[in-house]
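Pasting data-v2.cif here (mmCIF, C-alpha atoms and all ligand atoms):
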data_final
#
loop_
_atom_site.label_atom_id
_atom_site.label_comp_id
_atom_site.auth_asym_id
_atom_site.auth_seq_id
_atom_site.Cartn_x
_atom_site.Cartn_y
_atom_site.Cartn_z
CA MET A 1 -42.48 -49.64 -17.51
CA ALA A 2 -46.31 -49.82 -17.74
CA GLU A 3 -48.10 -46.51 -17.11
CA PRO A 4 -50.31 -47.62 -14.16
CA GLN A 5 -47.24 -49.07 -12.42
CA LEU A 6 -45.31 -45.80 -12.92
CA ALA A 7 -48.19 -43.71 -11.62
CA CYS A 8 -48.43 -45.97 -8.57
CA GLN A 9 -44.71 -45.58 -7.85
CA THR A 10 -44.93 -41.79 -8.26
CA ARG A 11 -47.78 -41.70 -5.73
CA SER A 12 -45.71 -43.85 -3.32
CA VAL A 13 -42.73 -41.50 -3.63
CA ARG A 14 -44.98 -38.47 -3.00
CA ARG A 15 -46.46 -40.18 0.09
CA LEU A 16 -42.95 -40.95 1.34
CA GLU A 17 -41.89 -37.33 0.70
CA LYS A 18 -44.87 -36.11 2.73
CA ILE A 19 -44.04 -38.40 5.66
CA LEU A 20 -40.38 -37.36 5.61
CA ALA A 21 -41.25 -33.66 5.20
CA ALA A 22 -43.40 -33.89 8.32
CA LYS A 23 -40.26 -35.07 10.12
CA GLY A 24 -38.22 -32.20 8.61
CA ILE A 25 -36.32 -34.47 6.16
CA SER A 26 -36.10 -33.71 2.46
CA LEU A 27 -35.50 -36.27 -0.29
CA VAL A 28 -34.27 -33.50 -2.56
CA PRO A 29 -30.72 -32.34 -1.68
CA ASP A 30 -30.87 -28.93 0.03
CA ASP A 31 -29.36 -26.11 -1.91
CA ASP A 32 -27.11 -23.79 0.12
CA SER A 33 -29.67 -21.01 0.33
CA SER A 34 -32.30 -23.22 1.89
CA PRO A 35 -33.04 -22.33 5.49
CA SER A 36 -32.79 -26.02 6.46
CA ALA A 37 -29.38 -26.50 4.79
CA ASP A 38 -27.57 -26.97 8.11
CA SER A 39 -30.35 -28.78 9.87
CA GLY A 40 -28.85 -32.19 10.57
CA PRO A 41 -25.96 -34.64 10.54
CA GLY A 42 -24.88 -35.65 7.04
CA ASN A 43 -24.99 -32.03 5.90
CA PRO A 44 -21.55 -30.38 5.48
CA ARG A 45 -22.81 -27.11 7.00
CA TRP A 46 -24.15 -28.94 10.02
CA HIS A 47 -20.74 -30.61 10.52
CA HIS A 48 -18.94 -27.28 10.14
CA GLY A 49 -21.23 -25.72 12.75
CA ALA A 50 -20.59 -28.62 15.13
CA ARG A 51 -16.81 -28.25 14.67
CA VAL A 52 -16.99 -24.49 15.37
CA GLU A 53 -19.03 -25.10 18.51
CA TYR A 54 -16.63 -27.76 19.77
CA ALA A 55 -13.48 -25.72 19.05
CA LEU A 56 -14.91 -22.53 20.58
CA ALA A 57 -15.85 -24.44 23.74
CA ARG A 58 -12.25 -25.67 23.98
CA TRP A 59 -10.94 -22.17 23.32
CA GLU A 60 -13.16 -20.77 26.04
CA SER A 61 -12.01 -23.29 28.61
CA ALA A 62 -8.36 -22.40 27.86
CA THR A 63 -9.01 -18.64 28.04
CA PRO A 64 -9.18 -16.64 31.28
CA PRO A 65 -12.27 -14.40 31.71
CA ARG A 66 -10.28 -11.19 31.05
CA PHE A 67 -9.62 -12.28 27.46
CA ARG A 68 -12.97 -13.90 26.58
CA ASP A 69 -13.74 -10.94 24.28
CA ALA A 70 -10.30 -11.04 22.62
CA GLN A 71 -10.28 -10.63 18.84
CA ALA A 72 -7.35 -10.81 16.44
CA THR A 73 -7.61 -7.28 15.09
CA LEU A 74 -4.18 -7.09 13.45
CA PRO A 75 -4.08 -8.28 9.82
CA GLU A 76 -0.80 -10.18 10.27
CA VAL A 77 -2.18 -12.00 13.32
CA ARG A 78 -5.34 -12.95 11.41
CA ALA A 79 -3.21 -14.09 8.46
CA TRP A 80 -1.22 -16.40 10.76
CA ALA A 81 -4.46 -17.82 12.17
CA GLU A 82 -5.79 -18.41 8.64
CA ARG A 83 -2.63 -20.32 7.76
CA ALA A 84 -2.97 -22.42 10.91
CA LEU A 85 -6.57 -23.17 10.00
CA ASP A 86 -5.50 -24.20 6.53
CA ASP A 87 -2.61 -26.43 7.65
CA PRO A 88 -1.43 -26.35 11.29
CA SER A 89 1.87 -28.07 10.41
CA ARG A 90 2.84 -25.14 8.18
CA ALA A 91 1.75 -22.32 10.48
CA GLY A 92 4.93 -22.15 12.58
CA THR A 93 5.17 -19.75 15.46
CA LEU A 94 3.42 -16.43 15.99
CA LEU A 95 5.66 -14.22 18.13
CA LEU A 96 4.22 -11.03 19.60
CA THR A 97 6.73 -8.73 21.30
CA GLY A 98 6.42 -5.30 22.88
CA LEU A 99 6.15 -3.28 26.03
CA THR A 100 3.69 -3.98 28.77
CA GLY A 101 0.02 -3.33 28.05
CA THR A 102 0.35 -3.06 24.27
CA GLY A 103 -2.14 -5.89 23.69
CA LYS A 104 0.04 -8.96 23.02
CA THR A 105 -1.96 -11.40 25.13
CA HIS A 106 -5.21 -10.04 23.69
CA GLN A 107 -4.02 -10.66 20.10
CA ALA A 108 -2.71 -14.12 21.01
CA TYR A 109 -6.04 -15.29 22.43
CA GLY A 110 -7.74 -13.56 19.49
CA ALA A 111 -5.61 -15.58 17.04
CA LEU A 112 -6.59 -18.85 18.73
CA ARG A 113 -10.25 -17.82 18.74
CA HIS A 114 -9.99 -17.04 15.02
CA ILE A 115 -8.76 -20.59 14.38
CA ALA A 116 -11.54 -22.08 16.52
CA SER A 117 -14.18 -19.98 14.74
CA GLY A 118 -13.05 -21.43 11.41
CA GLY A 119 -14.24 -24.92 12.46
CA PRO A 120 -10.95 -26.85 12.35
CA ASP A 121 -11.01 -30.65 12.03
CA ARG A 122 -9.18 -30.85 15.33
CA PHE A 123 -8.58 -28.23 18.03
CA GLU A 124 -6.53 -28.75 21.17
CA VAL A 125 -5.02 -25.83 22.99
CA LEU A 126 -3.09 -25.16 26.18
CA ALA A 127 -2.34 -21.63 27.32
CA VAL A 128 0.24 -21.03 30.04
CA ASN A 129 2.01 -18.13 31.59
CA SER A 130 5.72 -18.96 31.28
CA ALA A 131 6.55 -18.25 34.95
CA ASP A 132 3.71 -20.59 36.02
CA MET A 133 4.94 -23.16 33.55
CA TYR A 134 8.45 -23.29 35.03
CA GLY A 135 6.85 -23.46 38.48
CA ARG A 136 4.81 -26.49 37.42
CA LEU A 137 7.75 -28.17 35.72
CA ARG A 138 10.04 -28.05 38.79
CA PRO A 139 10.74 -31.59 39.95
CA SER A 140 7.94 -32.28 42.39
CA ALA A 141 7.17 -34.66 45.21
CA VAL A 142 4.90 -36.60 42.87
CA MET A 143 7.17 -38.89 40.84
CA GLY A 144 7.01 -38.13 37.14
CA ALA A 145 4.41 -35.33 37.45
CA SER A 146 6.67 -32.68 35.95
CA GLU A 147 7.78 -35.00 33.13
CA GLN A 148 4.12 -35.65 32.36
CA GLU A 149 3.40 -31.92 32.31
CA LEU A 150 6.35 -31.29 29.99
CA LYS A 151 5.01 -33.98 27.66
CA ARG A 152 1.54 -32.39 27.69
CA LEU A 153 2.95 -28.96 26.77
CA SER A 154 5.36 -30.36 24.19
CA THR A 155 2.76 -32.40 22.34
CA VAL A 156 -0.44 -30.34 22.50
CA GLN A 157 -1.63 -29.20 19.07
CA TYR A 158 -1.59 -25.46 19.89
CA LEU A 159 0.51 -24.07 22.74
CA PHE A 160 0.28 -20.47 23.87
CA LEU A 161 3.28 -19.40 25.96
CA ASP A 162 2.46 -16.05 27.52
CA ASP A 163 5.13 -13.71 28.93
CA PHE A 164 8.05 -15.73 27.68
CA GLY A 165 11.42 -14.51 28.91
CA THR A 166 10.33 -12.94 32.18
CA SER A 167 11.62 -15.71 34.47
CA LYS A 168 15.11 -15.79 35.88
CA THR A 169 17.35 -17.90 33.68
CA SER A 170 19.33 -20.84 34.94
CA GLU A 171 20.79 -23.99 33.43
CA TRP A 172 17.57 -25.72 34.45
CA THR A 173 15.24 -23.20 32.68
CA GLU A 174 17.42 -23.37 29.56
CA GLU A 175 17.27 -27.17 29.54
CA ILE A 176 13.49 -27.28 30.03
CA THR A 177 12.94 -24.59 27.38
CA TYR A 178 15.18 -26.51 25.00
CA ARG A 179 13.27 -29.76 25.50
CA LEU A 180 9.90 -28.04 25.03
CA ILE A 181 10.82 -25.97 21.98
CA ASN A 182 12.89 -28.72 20.38
CA HIS A 183 9.95 -31.13 20.48
CA ARG A 184 7.54 -28.57 19.01
CA TYR A 185 10.14 -27.65 16.38
CA ASN A 186 10.72 -31.28 15.35
CA HIS A 187 7.01 -32.00 15.12
CA CYS A 188 6.08 -28.72 13.36
CA LEU A 189 3.54 -27.83 16.06
CA PRO A 190 2.05 -24.35 15.94
CA THR A 191 2.97 -22.17 18.91
CA VAL A 192 2.01 -18.67 19.99
CA ILE A 193 4.49 -16.74 22.11
CA THR A 194 4.29 -13.31 23.71
CA SER A 195 7.28 -11.57 25.24
CA ASN A 196 8.30 -8.22 26.62
CA LEU A 197 11.76 -8.90 25.22
CA PRO A 198 12.47 -7.99 21.60
CA ALA A 199 13.34 -10.87 19.26
CA ARG A 200 16.74 -9.24 18.68
CA ASP A 201 18.43 -6.22 20.20
CA ALA A 202 22.13 -5.58 19.71
CA ASP A 203 22.17 -3.00 22.52
CA GLY A 204 20.10 -4.66 25.22
CA PRO A 205 18.56 -7.90 26.48
CA ASP A 206 16.67 -9.90 23.86
CA LEU A 207 15.03 -13.31 23.58
CA THR A 208 18.32 -14.98 22.59
CA ASP A 209 19.82 -14.00 25.94
CA PHE A 210 16.92 -15.68 27.68
CA VAL A 211 16.61 -18.91 25.73
CA GLY A 212 20.21 -19.58 24.77
CA ASP A 213 21.66 -20.17 21.31
CA ARG A 214 20.22 -23.63 20.60
CA VAL A 215 16.63 -22.53 21.26
CA ALA A 216 17.16 -19.16 19.55
CA SER A 217 18.33 -20.95 16.41
CA ARG A 218 15.19 -23.14 16.36
CA LEU A 219 12.93 -20.16 17.07
CA ALA A 220 14.53 -18.27 14.18
CA GLU A 221 13.20 -20.99 11.88
CA MET A 222 9.92 -21.56 13.71
CA VAL A 223 8.78 -17.94 13.85
CA THR A 224 6.83 -17.30 10.67
CA THR A 225 5.07 -14.17 11.93
CA LEU A 226 6.81 -11.63 14.15
CA VAL A 227 4.61 -8.81 15.38
CA PRO A 228 6.37 -6.07 17.35
CA MET A 229 3.48 -4.31 19.13
CA ILE A 230 3.79 -0.60 19.70
CA GLY A 231 1.68 1.93 21.56
CA ASP A 232 0.80 3.03 25.04
CA ASP A 233 0.00 0.80 27.96
CA ARG A 234 -3.71 0.17 27.33
CA ARG A 235 -4.33 -0.50 31.00
CA ARG A 236 -3.10 2.94 32.02
CA SER A 237 -4.83 4.69 29.11
CA ARG A 238 -8.08 3.05 30.16
CA ALA A 239 -7.59 4.02 33.80
CA THR A 240 -7.05 7.70 32.88
CA ALA A 241 -9.80 7.85 30.20
N1 LIG B 301 -7.43 -4.64 20.58
C1 LIG B 301 -7.91 -4.49 21.83
N2 LIG B 301 -9.18 -4.12 22.03
C2 LIG B 301 -9.68 -3.96 23.27
N3 LIG B 301 -8.97 -4.16 24.40
C3 LIG B 301 -7.69 -4.53 24.26
C4 LIG B 301 -7.08 -4.72 22.98
N4 LIG B 301 -5.81 -5.08 23.15
C5 LIG B 301 -5.62 -5.14 24.47
N5 LIG B 301 -6.73 -4.80 25.15
C6 LIG B 301 -6.90 -4.73 26.60
O1 LIG B 301 -5.80 -3.97 27.11
C7 LIG B 301 -5.28 -4.56 28.28
C8 LIG B 301 -3.80 -4.92 28.06
O2 LIG B 301 -3.72 -5.87 27.03
P1 LIG B 301 -2.78 -7.18 27.15
O3 LIG B 301 -2.94 -7.79 28.49
O4 LIG B 301 -3.07 -7.99 25.97
O5 LIG B 301 -1.34 -6.50 27.04
P2 LIG B 301 0.09 -7.19 27.02
O6 LIG B 301 0.86 -6.57 25.92
O7 LIG B 301 -0.08 -8.66 27.01
O8 LIG B 301 0.70 -6.73 28.42
P3 LIG B 301 1.83 -7.44 29.32
O9 LIG B 301 3.13 -7.30 28.58
O10 LIG B 301 1.85 -6.63 30.58
O11 LIG B 301 1.43 -8.84 29.53
C9 LIG B 301 -6.15 -5.75 28.61
O12 LIG B 301 -7.17 -5.35 29.51
C10 LIG B 301 -6.75 -6.11 27.27
O13 LIG B 301 -8.00 -6.75 27.41
MG MG B 302 0.37 -10.14 28.42
#
Starting from the file, lay out its structure as structure tokens.
Ligand SMILES: Nc1ncnc2c1ncn2[C@@H]1O[C@H](COP(=O)(O)OP(=O)(O)OP(=O)(O)O)[C@@H](O)[C@H]1O
Ligand SMILES: [Mg+2]
Amino acid sequence: MAEPQLACQTRSVRRLEKILAAKGISLVPDDDSSPSADSGPGNPRWHHGARVEYALARWESATPPRFRDAQATLPEVRAWAERALDDPSRAGTLLLTGLTGTGKTHQAYGALRHIASGGPDRFEVLAVNSADMYGRLRPSAVMGASEQELKRLSTVQYLFLDDFGTSKTSEWTEEITYRLINHRYNHCLPTVITSNLPARDADGPDLTDFVGDRVASRLAEMVTTLVPMIGDDRRRSRATA
């Protein structure tokens, strides 16, 4: 290429760079340390930030005010959340058991927050107290409303079932629990469960007594992380502190 032509093109490129720079756009790819590296669509860091923001907003709308500060402080809970972030279909179920006030619900919301903070590609979550769930699933006056609710809970990407095993059992609760858990089992959907009942106890009531054998068998395979929480009732310790 002739020299004058090249010089002219170089000047044009410089002019273009100046115009774009004034608008905050760089022709040179940003390196990661640049302060403007996450400054717009098209940049991977910008997309990650947008995903985090979106997922955390969803997490917040599923989380009651009492647990808005919840953090997954236990290493095994964080490890489960990391696995879910990596591949939700391989995460399985996180089961937190233990006496009242030991921090199960706190860790569960913390685990979900940890996933959201990682900027997942997709993040849908429903959190329900189990007693409320059975209340909502009772056949209602509105035709099909409870079936629709069961479908929502069965198919949502992440389901958090709080206080599982506290309701009175009946053939109806066993059937509903079976349909819910069986769907999530078949579709490898990650689930977080908290319960005051131990997973297994030869001498007293355990989760198997509550859910029945068919669900217990599925849970045995679904539960990838079992965390028996120990300690005092944090509510009482706080009240007396
Ligand atoms: N790691 C923690 N850091 C700070 N506060 C915590 C932590 N864990 C739990 N708490 C607080 O302690 C109280 C009891 O915790 P939480 O409700 O999670 O207990 P739980 O085991 O779910 O109890 P229950 O079986 O009665 O439902 C809550 O106020 C919660 O915010
Ligand atoms: Mg709880």
message: As an exercise, work out the distance from atom CA of His183 of chain A to atom CA of Met133 of chain A in Å and give it to one decimal place.
response: 16.1 Å
Within-7 Å residues of ligand LIG 301 (chain B), basis all atoms listed in the file, as an NGL selection string: :A and (66-67 or 70-71 or 73 or 98-107 or 163 or 195-196 or 233-235)
Produce a file of the selected residues containing C-alpha atoms, as a compact mmCIF listing (two decimals), in the coordinates of the input.
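Result file is again13.txt:
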# COMPACT_ATOMS: atom_id res chain seq x y z
CA ARG A 66 -10.28 -11.19 31.05
CA PHE A 67 -9.62 -12.28 27.46
CA ALA A 70 -10.30 -11.04 22.62
CA GLN A 71 -10.28 -10.63 18.84
CA THR A 73 -7.61 -7.28 15.09
CA GLY A 98 6.42 -5.30 22.88
CA LEU A 99 6.15 -3.28 26.03
CA THR A 100 3.69 -3.98 28.77
CA GLY A 101 0.02 -3.33 28.05
CA THR A 102 0.35 -3.06 24.27
CA GLY A 103 -2.14 -5.89 23.69
CA LYS A 104 0.04 -8.96 23.02
CA THR A 105 -1.96 -11.40 25.13
CA HIS A 106 -5.21 -10.04 23.69
CA GLN A 107 -4.02 -10.66 20.10
CA ASP A 163 5.13 -13.71 28.93
CA SER A 195 7.28 -11.57 25.24
CA ASN A 196 8.30 -8.22 26.62
CA ASP A 233 0.00 0.80 27.96
CA ARG A 234 -3.71 0.17 27.33
CA ARG A 235 -4.33 -0.50 31.00
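In this model, the gap between atom CA of Pro190 of chain A and atom CA of Tyr158 of chain A comes to 5.5 Å.
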statement: One residue among A:Leu159, A:Ser154, A:Asp213, A:Arg200 is nearest to Glu174 of chain A when using only C-alpha atoms, and that residue is A:Asp213
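Separating atom CA of Glu171 of chain A from atom CA of Gly204 of chain A is a distance of 21.0 Å.
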message: Given the point (21.7, -25.1, 22.8) in the coordinates of this file, which residues lie within 12 Å, counting only C-alpha atoms, and how would they look as an MDAnalysis selection string?
response: chainID A and resid 171 173:179 181:182 208:219
- prompt: Taking all atoms listed in the file into account, which of A:Pro120, A:Leu180, A:Arg138, A:Tyr109 comes nearest ligand MG 302 (chain B)?
  reply: A:Tyr109
field: Protein/DNA/RNA residues near (-2.9, -27.9, 16.1), cut 12 Å, only C-alpha atoms, as a ChimeraX atom specification
entry: /A:55,81,83-93,112,115-116,120-126,154-160,184,187-192
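Distance annotation: of A:Pro139, A:Pro64, A:Pro205, A:Gly119, the residue with the minimal separation from ligand MG 302 (chain B) is A:Pro64; atom set is only C-alpha atoms and all ligand atoms.
When all atoms listed in the file are used to compute distances to Ile230 of chain A, the closest of the residues A:Pro41, A:Leu207, A:Thr63, A:Thr97 turns out to be A:Thr97.
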query: For ligand MG 302 (chain B), which residue among A:Pro44, A:Gly144, A:Pro75, A:Gly165 is the nearest when counting only C-alpha atoms and all ligand atoms?
result: A:Gly165
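Closest approach to ligand MG 302 (chain B) from the set A:Asn43, A:Thr194, A:Ser237, A:Ser61 is made by A:Thr194, with distances taken over all atoms listed in the file.
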